[in-house]
Amino acid sequence: MASNKKYWKSVEELNPDSSVVETLKQNEFVEEIPVDEFLGDKESLASSSTTRRDFLKYVGFSTAAASLAACEGPVKKSIPYVVQPEEIVPGVANYYATHIADGFDFASVLIKTREGRPIKVENNEEAKAGAGANARVHASVLGLYDSKRVQGPKANGSYIEWDELDAKTAEAINAAQAAGKQIVLLTQTFASPSTSKLIEEFKAAYSNTRHVVYDAISEEEAVKAFQAKYGSRAMADYDFSKAEVIVSFGADFLGDWQGGGYDSGYAKGRVPQDGKMSRHVQFESNMTLSGANADKRVPVTPAQAKVAMAKFYGYLSGSSVSGELPELVDAAVKNAAEQVKKAGAKAVVVTGIKDVNAQSLALEINEMLGSEAFDTAQPKMTRQGNAAQVASLVDDMAAGRVGVLITAGVNPAYTLPNAAAFAEAMKSVDHSVVFSQKEDETAVLANYIAAAPHYLESWGDVEIKKGHFGLMQPTIRPLFNTRQFQDSLLKWTGNSMDFYGYVKNNWETSVLGGSAWNQALHDGVFMASEEVTDEVVAEEESAEGVEAAAVGGGMSAARALAGAAQEGMSLVLYSKTGMGDGQQANNPWLQEFPDPITRVSWDNYLTVSQADANEMGLENSNVANGGLNGSYAKVTVNGVSIDRVPVIIQPGQAKGTVGLSFGYGRTESLKTEMRTGVNAFTLYNNFNDVQSVTVEKVAGEHEFACVQLHNTLMGRGDIVKETTLEIFNTKDARDWNPQPQVSLNHEEVDAVSVDLWDEFDRSIGHHFNLSIDLNACTGCGACVIACHAENNVPVVGKAEVRKSRDMHWLRIDRYYSSEETFEGDNQTKDNMSGLGDSLSTFGEMELASENPQVAFQPVMCQHCNHAPCETVCPVAATSHGRQGQNHMAYNRCVGTRYCANNCPYKVRRFNWFLYNNNDEFDFYMNDDLGKMVLNPDVTVRSRGVMEKCSMCIQKTQKTILDAKREGREIKDGEFQTACSAACSSGAMVFGDINDKESKVAELKESDRMYHLLEHVGTKPNVFYHVKVRNTQEA
Amino acid sequence: MKKVTHRNSALRILGIGFALIFSFSTSLMAQEADPAAGKSLFNTYCAACHNLDRNMTGPALRGVGDKYEQEWLYEWIKNSQALIKSGDAQAVAIWEEYQPSVMTAFPQLSNEDIDNIIAYTMQPKEEPKVAEVPAGAAPQGGGGGLGNEVILAALALVFGMLVVMLFLVNKTLRRIAEANGVEFAQAEDEKRLPLWKAFAQNQFLVLVTSIFLLLGGAYFAYGYLMQVGVDQGYMPVQPIHYSHRIHAGENQIECKYCHSSARVSKHSGIPSLNICMNCHKNIVEVAPETATAEYSKEFYDGEIQKLYKAVGWDMNTQSYTGETQPVKWVRIHNLPDFAYFNHSQHVTVAGIECQKCHGPVEEMEVMYQHAPLTMGWCINCHRETNVKMEGNEYYEKIHEELSKKYGVDKLTAAQMGGLECGKCHY
């Protein structure tokens, strides 16, 4: 029955006289709709000759015309060389050996160039020192094509000629010399024999010259300790492959500790061979890569780390060292000492504590052990900075005692804690010249910006380790009107030689010792054999002399350390794997590179332990679109505060400590998108990475771009299979590497034995497989960037990453254990009973443990032989090749994304936008300069298509073609993917399993081999090796 | 244009001088020396550095017999350096002018040979024959087209006149008939339905016709759409009129001499201009017989001048000026970016003739796209073509295994996996 109810829209309707109600009866809207605003001037509208019908005609015509015009192909021009350089064949890549030495990263690399354009960085296999390029080095090639580079010398914001700069500088130098003012060269660590010689010559020419070496992130304590003991300003080198026990006190040696580059040696010792692998104990505050890889990680505050180290020395030397430590930590220290003692020369102890005592003590301990992993004869030269001189320089500048300031490779106005004072002091310098690739924070303060070339445009040499020489050669003509610092010094000392000639001359007279220059240039590296052996003898003698004194020294150092105590919170500053010291802040690859530990991109943040976060009310939460949000905190150190630092709750962060990374918060010469994070250098007082801090919550929520929101494995031990060395050695493989079972005819059988599909015969020709050893993978992320560079993977920006639209073809998943260990997780899961219990327990398992075990797992397309994606594609855009690769034909794809939905590994990426030629994505693919980095052998994808790892089919096809052309068989090791070639730790091995002699075929037969989600029956061509942890306590 | 000369023997040669004991030997030589033999010798030994009428590496040689003595010439040609060293004034003068180019010694030439060569150089210059075709029409080639149009117009006119005449005759006949009282059977006509109405009423016919129309329309629409982006026959005008007919056809220059990167690279490569100059340093003009009705000798010579301009070659000083203007060729064969094609795979590994895809290039005056370059075209070839495996160690094992599997001796590219998407699309 119909109701007579009357519905009132508002109370107003009860009022019979309401004008509003009356108006509403007539009109839908109370106010007149402002049509004028969008139709513009009524008059002109009325007088317009375009009627609606005309308008429609125009639309129709232009649509038709546009579609017709689209049928006509554009005219393409081809412009050949006038005189083609002999070594260049269009379409064939050339490789040149060179070195990066930017003051923070030092590595020996090969540069792949196409048609004269450097497009990729590869590892230089010839090199013994600096052989493994890290993620930043792999990304450095993009810096060459940075549109923010300064294109010529500048003064007062406008471009000038070099002659003018030269004349003015010469004048200023002479004036300073005459007035008795200082001429200061403030430079990065070059570690370059030729540059050192040149600077000496400059000093000789101008006696008032002072050379100040400045490292943005200082390792001075290590250098000082080494100098005190061994006489030269350098750092001891370590070969972790020779160590059976590694104990680290706050040294993130898989990160940037003392220049880094220790991954490959470390990884060698981590792969169990003949039942043995190294044991790694880490005492640290922040969760670092080293801590994540350690067998036992003990979270300690910086003060505790000092005490722990002192007590460790005590236990080791059998003398008593007092000092307060929590019981568990003390036990761990004792245990570590036992193990080190047992291992003797096969043990090594390292420390990252910024304290000369601690550094000396580490040297002392290794000396005492006679550690084989410890190398003082050929120490590393890559950190030479002198903090005291930098400090006094700022004073001198402010006092007007500096006549000329020339900087090269440094950016003190950004990296100095007292940057404001430096900026002020710059004003008192009569003449300042800044050699810089960018108009960075320091450059904008200077009188003159001397445009410096990128390292790929420069000549130079470098001595990463003593006796290990390397050459730097240009791989492209300078893109801009730039000139090297060294060339300028030559000019200013009146030397008519260029730096190339100078280096060559210097090498021929004092380095090569009769060997061929061309060979050295070709290899990129040169080992001075004889000279070094001489020096070894000499240094060993001196080392012996010091030893007697050092024993007492060790004890006193230990006592000094043991007194350390902490009040309140400690801030531990660190450098992130992606950003380092922030030189490459305008590099979108690195900005988008997810941090291996937190998996956050485009940001730095305060890492806080869960307990401290609870206390301070700091929170992390996920919002509906999958984004991660975090509270802001105000961080104050020594009166200087940063107001809004986003907070990440970091499992494993030692209670009472917070972490913050360098390299962010830059303001100058950056594209808007790259202006991310906060500048931690402002808190870096006295170049000490540990600071006493107060943290308080402030209002607001930060939106992170985090690519992994679920952090724990939830006891799914079949994804990252783990076992302990003991079980690995004593039990059957089926116990620690169980095969998934399924029920067939009511019987449990191996999942791999049941199949929906017929097997395709792949025994003929090549069959590619990629092996990933979870023991060797340190999570360094070099492969991620290498993949980016090789495959033209677009950068999508922070907002898109937050929406989970990141395009990385290769990701490194990082898992925390919910219990103390992953094994504990598995037990918890197995012990669950009933729905109620499982719901609540699973809920708890979503939270990582306070000090979790960590596992890294690189995941890319698994190239399943029975691929779920292939069967659901309605247009057959993805299909399988005989060689085992899952092909993706972009031009065929219509973008249904069924494949991505059906992929159990979630490795397919969808192009939501046109990322190239699109100013909405102002990273590098939208400008002519940035596009030069693109690999011409790989399609640049358009909007609306799916993409994913191709197993670098362009590389395998090239290898095959080369062999065909030369009429030979392919040797093992020739097949490489970008990731396997970039992996210096040897975790990724690629090859042809039909070649039974190949390494990958051997790895596939290993007991440790397993496939990801094997029970799904996808038969992947990527396989993993069970992670083994050496949990053996002493 | 047949001036591909002997680069091997073309070491820098010094100019020649001459003098003749004209009075004594003219008659004798005129009888004995054979200019025809001399021409062939000249082309074999001298033409790399000498031209009759133009200074090249060495001086112009026409009339050289008048300038120097015969005996001196014998000595000079057989070993010029020795003559210079001996301090001969004439020889030293030439050396001063042309050094450091050293004239190759020709001890193998007999005095008789040299006489023949001199005789050839003494021939008067041939006046170029005046072209019979009016010069303006030559490169145009439009004359034929115009003629067709005229004929068509004439035909149309005739046809129109016929129609008018028919109409007039009909009218006249009708008038005559009316005058004669003949009646037309109009009534009958009115009863009959017009054809189109009858057609419209026959539904079956309408159905069938529309089906045919639709099918026909679809056929043509499909045909039209399928040729979108297919540029078969694309023949753009290039900045320099480079004739493959002359180079690859008449002069039989191997394709990979210029397109050398086809052997090792994915690109066949457009030769850089220094490759052109390997030959064109010496070849400044085409032979008269190279010219065709369509393109005159002057036209071709002009094109060579364009090359000199682009590469910055000064003919007078025989040196590079350094002012270059890279040539912006119009690219003819455009594969889309998502298709990977590698020349070396096909040229070097498979040993396929260039003509297989590029057509009769040696006959092309203007280069055009011969093949459709569609995926179907690629695939068909991969299905039909046997892989050339003989003597290639790479294929040995795979050939043995695959031929066992398929039970055949020869394997096609398709059987090798040449149809897989990822082999060309990545």
# chains A, B, ... in the order shown; residues from 1 in each chain; ligands from 1

call {"tool": "residues_around", "arguments": {"residues": "range 1002-1011 of chain A", "least_positions_apart": "3", "cutoff": "7 Å", "atoms": "only C-alpha atoms", "output": "count of residues only"}}
result
10

call {"tool": "residues_around", "arguments": {"residues": "Phe104 in chain A", "least_positions_apart": "2", "cutoff": "10 Å", "atoms": "only C-alpha atoms", "output": "NGL selection string"}}
result
:A and (100-102 or 106-107 or 188-190 or 215-218 or 256 or 258-260 or 382-383 or 409 or 580-583)

call {"tool": "residues_around", "arguments": {"residues": "Val402 in chain A", "least_positions_apart": "3", "cutoff": "9 Å", "atoms": "only C-alpha atoms", "output": "number ranges by chain"}}
result
A: 176, 181-184, 393, 396-399, 405, 428-431

call {"tool": "write_last_selection", "arguments": {"atoms": "N, CA and C atoms", "output": "mmCIF file, in the first residue's frame"}}
result
data_model
loop_
_atom_site.group_PDB
_atom_site.id
_atom_site.type_symbol
_atom_site.label_atom_id
_atom_site.label_comp_id
_atom_site.auth_asym_id
_atom_site.auth_seq_id
_atom_site.Cartn_x
_atom_site.Cartn_y
_atom_site.Cartn_z
ATOM 1 N N ALA A 176 97.197 37.098 -3.584
ATOM 2 C CA ALA A 176 97.189 36.416 -2.292
ATOM 3 C C ALA A 176 98.616 36.098 -1.872
ATOM 4 N N LYS A 181 98.429 35.972 2.044
ATOM 5 C CA LYS A 181 97.205 35.262 2.411
ATOM 6 C C LYS A 181 97.275 33.830 1.907
ATOM 7 N N GLN A 182 96.432 33.004 2.494
ATOM 8 C CA GLN A 182 96.454 31.601 2.106
ATOM 9 C C GLN A 182 95.773 31.378 0.750
ATOM 10 N N ILE A 183 96.343 30.437 0.014
ATOM 11 C CA ILE A 183 95.668 29.923 -1.185
ATOM 12 C C ILE A 183 95.271 28.498 -0.826
ATOM 13 N N VAL A 184 93.985 28.253 -0.736
ATOM 14 C CA VAL A 184 93.546 26.962 -0.210
ATOM 15 C C VAL A 184 92.929 26.111 -1.315
ATOM 16 N N LEU A 393 90.126 25.637 8.681
ATOM 17 C CA LEU A 393 89.960 26.385 7.439
ATOM 18 C C LEU A 393 88.789 27.352 7.539
ATOM 19 N N ASP A 396 89.868 30.246 9.488
ATOM 20 C CA ASP A 396 90.771 31.100 8.714
ATOM 21 C C ASP A 396 90.003 31.926 7.696
ATOM 22 N N MET A 397 89.048 31.278 7.069
ATOM 23 C CA MET A 397 88.258 31.980 6.064
ATOM 24 C C MET A 397 87.499 33.136 6.701
ATOM 25 N N ALA A 398 86.882 32.819 7.846
ATOM 26 C CA ALA A 398 86.086 33.848 8.516
ATOM 27 C C ALA A 398 86.965 35.019 8.948
ATOM 28 N N ALA A 399 88.211 34.696 9.331
ATOM 29 C CA ALA A 399 89.118 35.737 9.801
ATOM 30 C C ALA A 399 89.766 36.492 8.647
ATOM 31 N N LEU A 405 90.235 30.568 -2.528
ATOM 32 C CA LEU A 405 89.718 29.253 -2.160
ATOM 33 C C LEU A 405 89.314 28.534 -3.439
ATOM 34 N N SER A 428 84.201 36.250 3.180
ATOM 35 C CA SER A 428 85.449 36.908 3.553
ATOM 36 C C SER A 428 86.626 36.445 2.695
ATOM 37 N N VAL A 429 86.371 35.490 1.811
ATOM 38 C CA VAL A 429 87.435 35.031 0.917
ATOM 39 C C VAL A 429 87.450 35.945 -0.300
ATOM 40 N N ASP A 430 88.661 36.386 -0.678
ATOM 41 C CA ASP A 430 88.739 37.345 -1.775
ATOM 42 C C ASP A 430 88.282 36.748 -3.098
ATOM 43 N N HIS A 431 88.706 35.527 -3.329
ATOM 44 C CA HIS A 431 88.443 34.934 -4.646
ATOM 45 C C HIS A 431 88.149 33.460 -4.452
#

call {"tool": "select_by_dssp", "arguments": {"residues": "range 183-251 of chain B", "states": "alpha helix (DSSP H)", "output": "compact mmCIF listing (two decimals) with C-alpha atoms, in the first residue's frame"}}
result
# COMPACT_ATOMS: atom_id res chain seq x y z
CA GLN B 186 4.68 4.34 -74.79
CA ALA B 187 1.72 2.85 -73.04
CA GLU B 188 3.46 -0.44 -72.61
CA ASP B 189 6.46 1.20 -71.11
CA GLU B 190 4.42 2.90 -68.47
CA LYS B 191 3.09 -0.37 -67.17
CA LEU B 195 14.28 -1.65 -62.94
CA TRP B 196 15.38 -0.21 -59.64
CA LYS B 197 11.91 -0.51 -58.20
CA ALA B 198 11.69 -4.11 -59.23
CA PHE B 199 15.05 -4.64 -57.67
CA ALA B 200 14.03 -2.94 -54.47
CA GLN B 201 10.95 -5.14 -54.26
CA GLN B 203 14.08 -8.76 -51.05
CA PHE B 204 16.26 -11.75 -51.76
CA LEU B 205 18.17 -9.86 -54.38
CA VAL B 206 18.60 -6.91 -52.05
CA LEU B 207 19.92 -9.19 -49.35
CA VAL B 208 22.38 -10.91 -51.61
CA THR B 209 23.56 -7.63 -53.09
CA SER B 210 24.05 -6.01 -49.75
CA ILE B 211 25.99 -9.00 -48.52
CA PHE B 212 28.21 -8.76 -51.54
CA LEU B 213 28.58 -5.04 -51.09
CA LEU B 214 29.48 -5.45 -47.45
CA LEU B 215 31.95 -8.19 -48.22
CA GLY B 216 33.44 -6.16 -51.01
CA GLY B 217 33.63 -3.10 -48.77
CA ALA B 218 35.24 -5.11 -46.01
CA TYR B 219 37.74 -6.51 -48.47
CA PHE B 220 38.84 -3.12 -49.61
CA ALA B 221 38.76 -1.67 -46.11
CA TYR B 222 40.93 -4.54 -44.90
CA GLY B 223 43.26 -4.05 -47.78
CA TYR B 224 43.48 -0.37 -47.04
CA LEU B 225 44.08 -0.85 -43.37
CA MET B 226 46.68 -3.52 -43.89
CA HIS B 244 72.90 2.31 -56.92

call {"tool": "residues_around", "arguments": {"residues": "Cys780 in chain A", "least_positions_apart": "2", "cutoff": "7 Å", "atoms": "only C-alpha atoms", "output": "list in words"}}
result
Pro596, Thr778 and Ala782 of chain A

call {"tool": "residues_around", "arguments": {"residues": "Ile352 in chain B", "least_positions_apart": "4", "cutoff": "12 Å", "atoms": "only C-alpha atoms", "output": "VMD selection string"}}
result
chain B and resid 262 to 263 343 to 348 356 to 358 381 385 to 388

call {"tool": "atom_distance", "arguments": {"atom1": "CA of Val92 in chain B", "atom2": "CA of Tyr68 in chain B"}}
result
13.7 Å

call {"tool": "select_by_dssp", "arguments": {"residues": "range 214-393 of chain A", "states": "strand (DSSP E)", "output": "number ranges by chain"}}
result
A: 235-238, 245-249, 279-284, 296-299, 347-351, 374-380

call {"tool": "write_last_selection", "arguments": {"atoms": "N, CA and C atoms", "output": "compact mmCIF listing (two decimals), in the first residue's frame"}}
result
# COMPACT_ATOMS: atom_id res chain seq x y z
N MET A 235 93.94 3.16 5.30
CA MET A 235 93.09 2.29 6.13
C MET A 235 93.43 0.85 5.81
N ALA A 236 93.43 0.02 6.84
CA ALA A 236 93.73 -1.39 6.63
C ALA A 236 92.70 -1.99 5.68
N ASP A 237 93.15 -2.95 4.90
CA ASP A 237 92.23 -3.63 4.00
C ASP A 237 91.93 -5.02 4.56
N TYR A 238 90.77 -5.50 4.22
CA TYR A 238 90.36 -6.80 4.75
C TYR A 238 89.90 -7.70 3.63
N VAL A 245 85.79 -16.54 11.16
CA VAL A 245 84.97 -15.84 12.15
C VAL A 245 85.13 -14.34 11.94
N ILE A 246 84.01 -13.68 11.80
CA ILE A 246 84.04 -12.23 11.62
C ILE A 246 83.27 -11.61 12.77
N VAL A 247 83.92 -10.73 13.49
CA VAL A 247 83.21 -10.00 14.55
C VAL A 247 83.28 -8.52 14.22
N SER A 248 82.13 -7.92 14.19
CA SER A 248 82.09 -6.50 13.83
C SER A 248 81.42 -5.71 14.94
N PHE A 249 82.10 -4.66 15.36
CA PHE A 249 81.49 -3.74 16.32
C PHE A 249 81.08 -2.48 15.57
N ARG A 279 81.48 -17.55 10.20
CA ARG A 279 80.56 -17.17 11.27
C ARG A 279 80.68 -15.67 11.46
N HIS A 280 79.54 -15.00 11.44
CA HIS A 280 79.58 -13.54 11.48
C HIS A 280 78.74 -13.04 12.65
N VAL A 281 79.40 -12.36 13.57
CA VAL A 281 78.70 -11.77 14.72
C VAL A 281 78.78 -10.25 14.60
N GLN A 282 77.64 -9.61 14.73
CA GLN A 282 77.58 -8.16 14.53
C GLN A 282 76.99 -7.49 15.76
N PHE A 283 77.72 -6.52 16.29
CA PHE A 283 77.18 -5.68 17.36
C PHE A 283 76.91 -4.31 16.75
N GLU A 284 75.67 -3.87 16.76
CA GLU A 284 75.40 -2.58 16.10
C GLU A 284 74.10 -1.97 16.61
N LYS A 296 74.68 -13.81 13.85
CA LYS A 296 74.16 -13.37 15.14
C LYS A 296 74.31 -11.86 15.19
N ARG A 297 73.18 -11.22 15.43
CA ARG A 297 73.22 -9.77 15.48
C ARG A 297 72.81 -9.34 16.88
N VAL A 298 73.65 -8.52 17.51
CA VAL A 298 73.35 -8.07 18.86
C VAL A 298 73.12 -6.57 18.82
N PRO A 299 71.90 -6.14 19.05
CA PRO A 299 71.67 -4.68 19.05
C PRO A 299 72.25 -4.05 20.31
N ALA A 347 90.37 -15.55 11.99
CA ALA A 347 89.33 -14.63 12.47
C ALA A 347 89.71 -13.20 12.14
N VAL A 348 88.72 -12.35 12.10
CA VAL A 348 88.99 -10.94 11.88
C VAL A 348 87.99 -10.12 12.67
N VAL A 349 88.47 -9.00 13.19
CA VAL A 349 87.61 -8.12 13.98
C VAL A 349 87.65 -6.73 13.34
N VAL A 350 86.46 -6.19 13.11
CA VAL A 350 86.42 -4.85 12.52
C VAL A 350 85.51 -3.97 13.37
N THR A 351 85.76 -2.68 13.28
CA THR A 351 84.88 -1.79 14.03
C THR A 351 84.61 -0.50 13.26
N PHE A 374 93.54 -9.77 7.20
CA PHE A 374 93.92 -8.40 7.56
C PHE A 374 95.14 -8.01 6.74
N ASP A 375 95.03 -6.89 6.04
CA ASP A 375 96.12 -6.50 5.14
C ASP A 375 96.53 -5.07 5.43
N THR A 376 97.74 -4.94 5.97
CA THR A 376 98.23 -3.58 6.21
C THR A 376 99.33 -3.21 5.23
N ALA A 377 99.79 -4.21 4.51
CA ALA A 377 100.87 -3.93 3.56
C ALA A 377 100.35 -3.14 2.37
N GLN A 378 99.14 -3.45 1.96
CA GLN A 378 98.53 -2.74 0.85
C GLN A 378 97.24 -2.09 1.33
N PRO A 379 97.37 -1.04 2.13
CA PRO A 379 96.18 -0.45 2.72
C PRO A 379 95.37 0.34 1.70
N LYS A 380 94.15 0.64 2.07
CA LYS A 380 93.27 1.42 1.18
C LYS A 380 93.54 2.91 1.33

call {"tool": "residues_around", "arguments": {"residues": "Tyr394 in chain B", "least_positions_apart": "5", "cutoff": "9 Å", "atoms": "only C-alpha atoms", "output": "PyMOL selection string"}}
result
(chain A and resi 960+963-970) or (chain B and resi 389)

call {"tool": "residues_around", "arguments": {"residues": "Ile173 in chain A", "least_positions_apart": "4", "cutoff": "12 Å", "atoms": "only C-alpha atoms", "output": "PyMOL selection string"}}
result
chain A and resi 165-169+177-185+202-203+205-209+402-406+429-433+489+492-493

call {"tool": "closest_residue", "arguments": {"among": "A:Asn174, A:Thr442, A:Ser942, A:Gln976", "to": "chain B", "atoms": "only C-alpha atoms"}}
result
A:Ser942

call {"tool": "atom_distance", "arguments": {"atom1": "CA of Asn769 in chain A", "atom2": "CA of Asn1021 in chain A"}}
result
4.9 Å
